[in-house]
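Raw contents of upload.csv, CSV, C-alpha atoms (C1' of nucleotides):
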chain,number,residue,atom,x,y,z
D,240,MET,CA,-17.0,-26.9,-9.2
D,241,LEU,CA,-15.7,-28.4,-5.9
D,242,THR,CA,-17.4,-28.9,-2.6
D,243,ILE,CA,-15.7,-27.5,0.4
D,244,GLY,CA,-14.5,-30.9,1.4
D,245,LYS,CA,-12.8,-31.5,-1.9
D,246,LEU,CA,-11.3,-28.1,-1.8
D,247,GLY,CA,-10.0,-28.8,1.6
D,248,THR,CA,-8.3,-32.1,0.7
D,249,SER,CA,-6.8,-30.7,-2.5
D,250,THR,CA,-5.3,-27.7,-0.8
D,251,GLY,CA,-4.5,-29.2,2.6
D,252,VAL,CA,-6.7,-26.7,4.4
D,253,LYS,CA,-9.2,-27.9,6.9
D,254,VAL,CA,-12.9,-27.3,6.2
D,255,PRO,CA,-13.6,-25.1,9.2
D,256,THR,CA,-10.5,-23.1,8.3
D,257,ILE,CA,-11.9,-22.4,4.9
D,258,ARG,CA,-15.1,-21.2,6.3
D,259,TYR,CA,-13.1,-19.1,8.8
D,260,TYR,CA,-11.2,-17.5,5.9
D,261,GLU,CA,-14.5,-16.6,4.2
D,262,GLN,CA,-15.8,-15.2,7.4
D,263,ILE,CA,-12.9,-12.8,7.9
D,264,GLY,CA,-13.0,-11.8,4.2
D,265,LEU,CA,-9.8,-13.5,3.1
D,266,LEU,CA,-11.8,-15.6,0.7
D,267,PRO,CA,-14.8,-14.1,-1.2
D,268,GLU,CA,-18.2,-15.6,-0.3
D,269,ALA,CA,-18.5,-18.8,-2.2
D,270,GLU,CA,-21.2,-19.6,-4.6
D,271,ARG,CA,-23.9,-21.9,-3.3
D,272,SER,CA,-25.6,-25.0,-4.6
D,273,ALA,CA,-29.4,-25.5,-4.7
D,274,GLY,CA,-29.1,-27.0,-1.3
D,275,ASN,CA,-27.0,-24.1,0.1
D,276,GLN,CA,-23.7,-25.8,0.1
D,277,ARG,CA,-20.6,-23.9,-0.9
D,278,LEU,CA,-19.1,-24.5,-4.4
D,279,TYR,CA,-15.7,-23.4,-5.5
D,280,SER,CA,-14.1,-22.7,-8.8
D,281,ARG,CA,-10.6,-23.3,-9.9
D,282,LYS,CA,-9.9,-19.7,-9.3
D,283,ALA,CA,-11.0,-20.0,-5.7
D,284,LEU,CA,-8.8,-23.1,-5.3
D,285,GLU,CA,-5.8,-21.0,-6.6
D,286,ARG,CA,-6.5,-18.3,-4.1
D,287,LEU,CA,-6.7,-20.7,-1.2
D,288,ALA,CA,-3.5,-22.4,-2.4
D,289,PHE,CA,-1.8,-19.0,-2.4
D,290,ILE,CA,-3.1,-18.4,1.2
D,291,ARG,CA,-2.0,-21.9,2.3
D,292,HIS,CA,1.5,-21.4,0.8
D,293,ALA,CA,1.9,-18.0,2.4
D,294,ARG,CA,0.8,-19.4,5.8
D,295,ASP,CA,3.3,-22.2,5.4
D,296,LEU,CA,5.9,-19.6,5.0
D,297,GLY,CA,4.8,-17.9,8.2
D,298,PHE,CA,3.1,-14.8,6.8
D,299,THR,CA,0.3,-13.5,9.1
D,300,LEU,CA,-3.2,-13.3,7.7
D,301,GLU,CA,-2.9,-9.6,7.6
D,302,ALA,CA,0.2,-9.8,5.4
D,303,ILE,CA,-1.5,-12.3,3.2
D,304,ARG,CA,-4.5,-10.0,2.9
D,305,ASP,CA,-2.1,-7.3,1.6
D,306,LEU,CA,-0.3,-9.8,-0.7
D,307,LEU,CA,-3.6,-10.9,-2.2
D,308,SER,CA,-4.8,-7.4,-2.9
D,309,LEU,CA,-1.4,-6.7,-4.6
D,310,SER,CA,-1.7,-9.8,-6.7
D,311,ASP,CA,-5.1,-8.5,-7.8
D,312,SER,CA,-3.5,-5.4,-9.3
D,313,PRO,CA,-0.7,-6.7,-11.6
D,314,ASP,CA,0.3,-3.2,-12.9
D,315,GLN,CA,1.4,-1.9,-9.6
D,316,PRO,CA,5.2,-2.0,-8.9
D,317,CYS,CA,6.1,-5.0,-6.9
D,318,ALA,CA,8.1,-3.1,-4.3
D,319,ALA,CA,5.3,-3.4,-1.8
D,320,ALA,CA,5.1,-7.2,-2.1
D,321,ASP,CA,8.9,-7.4,-1.9
D,322,ALA,CA,8.8,-5.3,1.3
D,323,ILE,CA,6.3,-7.7,2.9
D,324,ALA,CA,8.4,-10.7,2.1
D,325,ARG,CA,11.6,-9.0,3.4
D,326,ALA,CA,9.9,-8.1,6.6
D,327,GLN,CA,8.9,-11.7,7.0
D,328,LEU,CA,12.4,-12.8,6.4
D,329,LEU,CA,13.7,-10.4,9.1
D,330,GLU,CA,11.1,-11.7,11.5
D,331,VAL,CA,12.1,-15.3,10.8
D,332,GLU,CA,15.8,-14.4,11.3
D,333,SER,CA,15.1,-12.7,14.6
D,334,ARG,CA,13.1,-15.7,15.8
D,335,LEU,CA,16.0,-17.9,14.8
D,336,ALA,CA,18.5,-15.9,16.8
D,337,ARG,CA,16.3,-16.0,19.9
D,338,LEU,CA,15.6,-19.7,19.6
D,339,THR,CA,19.3,-20.5,19.2
D,340,ALA,CA,20.0,-18.7,22.5
D,341,LEU,CA,17.2,-20.5,24.1
D,342,LYS,CA,18.4,-23.8,22.9
D,343,ALA,CA,21.9,-23.2,24.4
D,344,GLU,CA,20.4,-22.4,27.7
D,345,LEU,CA,18.1,-25.3,27.8
D,346,GLU,CA,20.9,-27.7,26.8
D,347,ARG,CA,23.1,-26.4,29.6
D,348,MET,CA,20.3,-26.9,32.1
D,349,VAL,CA,19.4,-30.4,31.0
D,350,GLU,CA,23.0,-31.6,30.8
D,351,GLN,CA,23.6,-30.7,34.4
D,352,CYS,CA,20.8,-32.9,35.7
D,353,ALA,CA,22.5,-35.6,37.7
D,354,GLY,CA,19.3,-37.6,38.2
D,355,GLY,CA,18.9,-37.2,41.9
D,356,SER,CA,16.0,-35.8,43.8
D,357,ILE,CA,14.1,-32.6,43.3
D,358,ALA,CA,15.9,-31.0,46.2
D,359,ASP,CA,19.2,-30.8,44.2
D,360,CYS,CA,17.8,-30.8,40.7
D,361,ARG,CA,19.6,-28.4,38.4
D,362,VAL,CA,16.5,-27.8,36.3
D,363,ILE,CA,14.4,-26.5,39.2
D,364,GLU,CA,17.4,-24.7,40.7
D,365,VAL,CA,18.3,-22.9,37.6
D,366,LEU,CA,14.7,-21.9,37.0
D,367,GLY,CA,14.5,-20.6,40.6
D,368,ASP,CA,17.7,-18.7,40.6
D,369,HIS,CA,18.3,-16.6,37.5
D,370,SER,CA,22.0,-16.0,38.4
D,371,LEU,CA,22.6,-19.8,38.0
D,372,CYS,CA,22.1,-19.8,34.2
D,373,GLY,CA,24.6,-19.1,31.4
D,374,SER,CA,27.3,-16.6,31.4
D,375,ASP,CA,25.2,-13.7,30.2
D,376,HIS,CA,22.1,-13.2,32.3
D,377,ARG,CA,20.1,-11.3,29.8
D,378,HIS,CA,17.8,-13.8,28.1
D,379,ALA,CA,14.5,-12.1,28.8
D,380,GLU,CA,12.1,-11.7,25.9
D,381,LEU,CA,13.6,-14.6,24.1
D,382,ILE,CA,10.2,-16.1,23.5
D,383,GLN,CA,7.4,-15.2,21.2
D,384,ALA,CA,9.7,-16.8,18.8
M,282,MET,CA,5.6,-6.9,51.9
M,283,LEU,CA,5.4,-5.6,48.4
M,284,THR,CA,2.5,-4.1,46.5
M,285,ILE,CA,1.6,-5.6,43.2
M,286,GLY,CA,3.3,-2.8,41.4
M,287,LYS,CA,6.6,-3.2,43.2
M,288,LEU,CA,6.4,-6.9,42.6
M,289,GLY,CA,5.9,-6.3,39.0
M,290,THR,CA,8.9,-4.0,38.6
M,291,SER,CA,11.2,-6.2,40.6
M,292,THR,CA,10.3,-9.3,38.6
M,293,GLY,CA,9.8,-7.7,35.2
M,294,VAL,CA,6.2,-9.0,35.1
M,295,LYS,CA,3.4,-6.6,34.3
M,296,VAL,CA,0.7,-6.0,36.9
M,297,PRO,CA,-2.2,-7.4,34.9
M,298,THR,CA,-0.1,-10.5,34.2
M,299,ILE,CA,0.4,-11.1,37.9
M,300,ARG,CA,-3.3,-10.9,38.5
M,301,TYR,CA,-3.8,-13.2,35.6
M,302,TYR,CA,-1.4,-15.8,37.0
M,303,GLU,CA,-3.4,-15.6,40.3
M,304,GLN,CA,-6.6,-16.0,38.4
M,305,ILE,CA,-5.5,-19.2,36.7
M,306,GLY,CA,-4.1,-20.6,39.9
M,307,LEU,CA,-0.4,-20.3,39.0
M,308,LEU,CA,0.2,-18.0,41.9
M,309,PRO,CA,-1.7,-18.5,45.2
M,310,GLU,CA,-4.2,-15.9,46.2
M,311,ALA,CA,-2.3,-13.0,47.7
M,312,GLU,CA,-2.8,-11.6,51.1
M,313,ARG,CA,-4.7,-8.3,51.2
M,314,SER,CA,-4.1,-5.0,53.0
M,315,ALA,CA,-6.8,-3.3,55.0
M,316,GLY,CA,-7.8,-1.5,51.8
M,317,ASN,CA,-8.1,-4.8,49.9
M,318,GLN,CA,-4.8,-4.4,47.9
M,319,ARG,CA,-2.6,-7.4,47.2
M,320,LEU,CA,0.5,-7.8,49.3
M,321,TYR,CA,3.3,-10.2,48.4
M,322,SER,CA,6.0,-11.9,50.5
M,323,ARG,CA,9.5,-12.7,49.5
M,324,LYS,CA,8.4,-16.2,48.9
M,325,ALA,CA,5.8,-15.0,46.4
M,326,LEU,CA,8.4,-13.0,44.7
M,327,GLU,CA,10.6,-16.0,44.3
M,328,ARG,CA,7.7,-18.0,42.9
M,329,LEU,CA,6.9,-15.3,40.3
M,330,ALA,CA,10.6,-15.0,39.4
M,331,PHE,CA,10.6,-18.8,38.8
M,332,ILE,CA,7.6,-18.4,36.5
M,333,ARG,CA,9.1,-15.5,34.7
M,334,HIS,CA,12.3,-17.3,34.1
M,335,ALA,CA,10.6,-20.4,32.8
M,336,ARG,CA,8.4,-18.3,30.5
M,337,ASP,CA,11.6,-16.7,29.2
M,338,LEU,CA,12.8,-20.1,28.4
M,339,GLY,CA,9.6,-20.8,26.4
M,340,PHE,CA,7.9,-23.2,28.8
M,341,THR,CA,4.2,-23.2,28.5
M,342,LEU,CA,2.1,-22.2,31.6
M,343,GLU,CA,1.0,-25.9,31.8
M,344,ALA,CA,4.6,-27.0,32.0
M,345,ILE,CA,5.4,-24.4,34.5
M,346,ARG,CA,2.5,-25.5,36.6
M,347,ASP,CA,4.0,-29.0,36.7
M,348,LEU,CA,7.5,-27.7,37.4
M,349,LEU,CA,6.2,-25.6,40.3
M,350,SER,CA,4.4,-28.5,41.9
M,351,LEU,CA,7.5,-30.6,41.5
M,352,SER,CA,9.6,-27.9,43.2
M,353,ASP,CA,7.2,-28.0,46.1
M,354,SER,CA,8.0,-31.6,46.7
M,355,PRO,CA,11.8,-31.7,47.1
M,356,ASP,CA,12.0,-35.4,48.0
M,357,GLN,CA,10.6,-36.7,44.7
M,358,PRO,CA,13.1,-37.9,42.1
M,359,CYS,CA,13.9,-35.1,39.6
M,360,ALA,CA,13.3,-37.3,36.5
M,361,ALA,CA,9.9,-35.6,35.9
M,362,ALA,CA,11.4,-32.2,35.9
M,363,ASP,CA,14.2,-33.3,33.7
M,364,ALA,CA,11.7,-34.8,31.3
M,365,ILE,CA,9.8,-31.5,31.0
M,366,ALA,CA,13.0,-29.6,30.3
M,367,ARG,CA,14.1,-32.2,27.7
M,368,ALA,CA,10.7,-32.0,26.0
M,369,GLN,CA,11.1,-28.2,25.9
M,370,LEU,CA,14.5,-28.6,24.4
M,371,LEU,CA,13.2,-30.9,21.7
M,372,GLU,CA,10.4,-28.5,21.0
M,373,VAL,CA,12.9,-25.6,20.5
M,374,GLU,CA,15.1,-27.8,18.3
M,375,SER,CA,12.2,-28.7,16.1
M,376,ARG,CA,11.2,-25.1,15.8
M,377,LEU,CA,14.7,-24.2,14.9
M,378,ALA,CA,14.8,-26.7,12.1
M,379,ARG,CA,11.5,-25.5,10.7
M,380,LEU,CA,12.5,-21.9,10.9
M,381,THR,CA,15.8,-22.6,9.2
M,382,ALA,CA,14.0,-24.2,6.2
M,383,LEU,CA,11.6,-21.2,6.2
M,384,LYS,CA,14.4,-18.8,6.1
M,385,ALA,CA,16.1,-20.4,3.1
M,386,GLU,CA,12.9,-20.4,1.2
M,387,LEU,CA,12.1,-16.7,2.0
M,388,GLU,CA,15.6,-15.8,1.0
M,389,ARG,CA,15.3,-17.5,-2.3
M,390,MET,CA,12.1,-15.7,-2.9
M,391,VAL,CA,13.3,-12.3,-2.0
M,392,GLU,CA,16.6,-12.5,-3.9
M,393,GLN,CA,14.8,-13.2,-7.1
M,394,CYS,CA,12.8,-10.0,-7.0
M,395,ALA,CA,13.9,-7.9,-9.9
M,396,GLY,CA,11.9,-4.9,-8.8
M,397,GLY,CA,9.5,-4.8,-11.8
M,398,SER,CA,5.7,-4.8,-11.6
M,399,ILE,CA,3.4,-7.2,-9.7
M,400,ALA,CA,2.7,-9.0,-13.0
M,401,ASP,CA,6.1,-10.5,-13.0
M,402,CYS,CA,6.9,-10.3,-9.3
M,403,ARG,CA,8.6,-13.5,-8.1
M,404,VAL,CA,7.2,-13.1,-4.6
M,405,ILE,CA,3.6,-13.2,-5.8
M,406,GLU,CA,4.4,-15.8,-8.4
M,407,VAL,CA,6.1,-18.2,-6.0
M,408,LEU,CA,3.4,-17.9,-3.5
M,409,GLY,CA,0.8,-18.6,-6.1
M,410,ASP,CA,2.5,-21.6,-7.6
M,411,HIS,CA,3.9,-24.0,-5.1
M,412,SER,CA,6.0,-25.8,-7.7
M,413,LEU,CA,8.1,-22.7,-8.2
M,414,CYS,CA,9.7,-22.8,-4.8
M,415,GLY,CA,12.9,-24.5,-3.8
M,416,SER,CA,14.1,-27.9,-4.9
M,417,ASP,CA,12.0,-29.9,-2.4
M,418,HIS,CA,8.3,-29.1,-2.4
M,419,ARG,CA,7.5,-30.3,1.0
M,420,HIS,CA,7.5,-27.4,3.3
M,421,ALA,CA,4.0,-27.7,4.7
M,422,GLU,CA,3.6,-27.3,8.5
M,423,LEU,CA,6.8,-25.4,8.8
M,424,ILE,CA,5.1,-22.8,10.9
M,425,GLN,CA,3.8,-22.8,14.4
M,426,ALA,CA,7.5,-22.4,14.9
B,190,DC,C1',-6.8,18.6,51.7
B,191,DT,C1',-6.3,17.7,47.3
B,192,DA,C1',-4.3,15.8,43.3
B,193,DA,C1',-1.9,12.3,41.2
B,194,DT,C1',-0.9,7.8,41.1
B,195,DG,C1',-1.8,3.1,42.2
B,196,DT,C1',-5.0,-0.4,42.8
B,197,DC,C1',-9.5,-2.9,42.6
B,198,DT,C1',-13.0,-5.9,39.7
B,199,DC,C1',-15.0,-7.1,35.5
B,200,DT,C1',-15.4,-7.5,30.7
B,201,DA,C1',-13.8,-7.8,26.2
B,202,DG,C1',-10.2,-8.3,22.7
B,203,DC,C1',-5.9,-10.2,20.1
B,204,DA,C1',-4.2,-14.3,16.4
B,205,DA,C1',-5.6,-18.1,14.0
B,206,DC,C1',-7.8,-21.3,14.4
B,207,DT,C1',-10.5,-25.8,16.6
B,208,DA,C1',-14.4,-28.0,18.6
B,209,DT,C1',-19.1,-28.7,19.7
B,210,DA,C1',-24.1,-28.9,19.0
B,211,DG,C1',-28.0,-29.5,16.4
B,212,DG,C1',-29.7,-29.5,12.1
B,213,DT,C1',-29.8,-30.2,6.5
B,214,DT,C1',-28.3,-32.2,2.1
B,215,DC,C1',-26.3,-35.5,-0.8
B,216,DA,C1',-24.6,-40.0,-2.8
B,217,DA,C1',-24.7,-44.8,-2.7
B,218,DG,C1',-26.5,-49.4,-1.6
B,219,DG,C1',-30.5,-52.6,-0.9
F,211,DC,C1',-37.8,-45.8,-3.7
F,212,DC,C1',-35.9,-45.5,0.6
F,213,DT,C1',-32.7,-45.4,4.0
F,214,DT,C1',-28.3,-44.9,5.9
F,215,DG,C1',-24.2,-42.5,6.6
F,216,DA,C1',-21.1,-39.1,5.2
F,217,DA,C1',-20.5,-34.5,4.3
F,218,DC,C1',-22.4,-30.2,4.7
F,219,DC,C1',-24.8,-26.0,7.2
F,220,DT,C1',-25.0,-22.2,11.1
F,221,DA,C1',-23.8,-20.5,15.4
F,222,DT,C1',-21.4,-20.3,19.5
F,223,DA,C1',-17.6,-21.2,22.6
F,224,DG,C1',-13.0,-22.6,23.6
F,225,DT,C1',-7.8,-22.5,23.0
F,226,DT,C1',-2.9,-19.8,24.8
F,227,DG,C1',-1.0,-16.0,27.2
F,228,DC,C1',-1.8,-12.3,27.9
F,229,DT,C1',-3.4,-6.9,27.1
F,230,DA,C1',-6.6,-3.0,27.2
F,231,DG,C1',-10.4,-0.6,28.8
F,232,DA,C1',-14.1,1.2,32.1
F,233,DG,C1',-15.4,2.9,36.4
F,234,DA,C1',-14.6,2.9,41.4
F,235,DC,C1',-11.7,2.7,45.7
F,236,DA,C1',-6.8,3.3,48.2
F,237,DT,C1',-2.7,5.4,49.1
F,238,DT,C1',0.8,8.9,49.1
F,239,DA,C1',3.3,13.4,48.1
F,240,DG,C1',3.0,18.1,48.5
Can you give me the file's structure in the form of structure tokens?
Amino acid sequence: MLTIGKLGTSTGVKVPTIRYYEQIGLLPEAERSAGNQRLYSRKALERLAFIRHARDLGFTLEAIRDLLSLSDSPDQPCAAADAIARAQLLEVESRLARLTALKAELERMVEQCAGGSIADCRVIEVLGDHSLCGSDHRHAELIQA
Amino acid sequence: MLTIGKLGTSTGVKVPTIRYYEQIGLLPEAERSAGNQRLYSRKALERLAFIRHARDLGFTLEAIRDLLSLSDSPDQPCAAADAIARAQLLEVESRLARLTALKAELERMVEQCAGGSIADCRVIEVLGDHSLCGSDHRHAELIQA
DNA sequence: CTAATGTCTCTAGCAACTATAGGTTCAAGG
DNA sequence: CCTTGAACCTATAGTTGCTAGAGACATTAG
């Protein structure tokens, strides 16, 4: 049995985060020692490692909740799990597209800076006047990427 | 003079967001009509458009606060503004790199799904066992991208 | 004049944690 | 055996950048 600190270091998840996951029901309530400290089994470690791995891949906690409940019922068809993963892939691809556009625009802006004073700084100017940016003026909603 | 609704539609910023920007001091307190409704000048519209544009480019509100105060002092050298923009570019580039790695890993995971049951679903399996993912096992902290 | 729409303030909520305060328990050294 | 310090406990509040709701006042079109 592991203490919460050991569990944290062996999964790379911070201690308050583990408690947070328990609080929102992503991890089951841990067993407790005589002195009321949380104790974790190997199974709990695996579950947390699963969560960590999925977080590293950008899945939301909601998606992870679904994936966990799927992994608890091994006889179900895996189409649902597959759909969640595909949705995440689409999300990542869409963010990539938006960020790529963003990068181009920022590069254009930064390259034009001649190093003078604010009065004729391209950065400030471009931000202030939308029509000064790249060829296509439709870059709204590029963020949340 | 524009009402807050007109200002919102002409800048593409939602009304509660405008009030929120005023609340956090990003926009100055608006003038008021006899009936206590906010009224905005052309100058206020320009300032909000600046904010909107910078948000579209992914700048944080803190960075925008700095950019705005820079743009209010046109005689300062523009190095500071340039530095903010360059930092944002670096940030975007770093997110792009992480998202690209993420995408590759998700693709690998999804492609291997044979459509069977959860028990032998690659998605669940890979998430559960870190060593099953791509050649290099160091993809932690790919997110917040 | 009335009804519909727009605006006002204030509060609370979202994701996914992180930080702080003030207290308890545990493991190791003297 | 006792003390010290690290690790643990609970509970609450803060972070970013908004968004949503309630309940009341203002403005405008017909």
Which residue is closest to chain D? Choose from B:DA205, B:DG211, B:DC197, B:DA217 and count only C-alpha atoms (C1' of nucleotides).
B:DA205
Exercise answer, chain M residues close to chain D, 6 Å and all atoms listed in the file, as a short mmCIF file (atom, residue, chain, number, x, y, z; two decimals) with C-alpha atoms, in the coordinates of the input:
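What landed in selection13.cif:
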data_model
loop_
_atom_site.label_atom_id
_atom_site.label_comp_id
_atom_site.auth_asym_id
_atom_site.auth_seq_id
_atom_site.Cartn_x
_atom_site.Cartn_y
_atom_site.Cartn_z
CA PHE M 331 10.60 -18.80 38.80
CA HIS M 334 12.30 -17.30 34.10
CA ASP M 337 11.60 -16.70 29.20
CA GLY M 339 9.60 -20.80 26.40
CA PRO M 355 11.80 -31.70 47.10
CA ASP M 356 12.00 -35.40 48.00
CA GLN M 357 10.60 -36.70 44.70
CA PRO M 358 13.10 -37.90 42.10
CA CYS M 359 13.90 -35.10 39.60
CA LEU M 370 14.50 -28.60 24.40
CA LEU M 387 12.10 -16.70 2.00
CA GLY M 397 9.50 -4.80 -11.80
CA SER M 398 5.70 -4.80 -11.60
CA ILE M 399 3.40 -7.20 -9.70
CA ALA M 400 2.70 -9.00 -13.00
CA CYS M 402 6.90 -10.30 -9.30
CA LEU M 408 3.40 -17.90 -3.50
CA GLY M 409 0.80 -18.60 -6.10
CA ALA M 421 4.00 -27.70 4.70
CA GLU M 422 3.60 -27.30 8.50
CA LEU M 423 6.80 -25.40 8.80
CA ILE M 424 5.10 -22.80 10.90
#
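Closest approach to chain F from the set D:Ala302, D:Leu284, D:Leu265, D:Leu278 is made by D:Leu278, with distances taken over all atoms listed in the file.
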Find the nearest atom pair between each residue of chain F and chain D for residues within 10 Å, count only C-alpha atoms (C1' of nucleotides), give distances in Å to one decimal, sort rows by chain and ascending number, and present the table as a tab-separated table.
residue	atom	partner	partner_atom	distance
F:DA217	C1'	D:Gly244	CA	7.6
F:DC218	C1'	D:Gln276	CA	6.5
F:DC219	C1'	D:Gln276	CA	7.2
Could you give me, as an mmCIF file with C-alpha atoms (C1' of nucleotides), in the frame of the given file, the residues that sit within 10 Å of (-12.4, -24.0, 24.2) in the file's coordinates, counting all atoms listed in the file?
data_model
loop_
_atom_site.group_PDB
_atom_site.id
_atom_site.type_symbol
_atom_site.label_atom_id
_atom_site.label_comp_id
_atom_site.auth_asym_id
_atom_site.auth_seq_id
_atom_site.Cartn_x
_atom_site.Cartn_y
_atom_site.Cartn_z
ATOM 1 C "C1'" DT B 207 -10.500 -25.800 16.600
ATOM 2 C "C1'" DA B 208 -14.400 -28.000 18.600
ATOM 3 C "C1'" DT B 209 -19.100 -28.700 19.700
ATOM 4 C "C1'" DA F 223 -17.600 -21.200 22.600
ATOM 5 C "C1'" DG F 224 -13.000 -22.600 23.600
ATOM 6 C "C1'" DT F 225 -7.800 -22.500 23.000
#
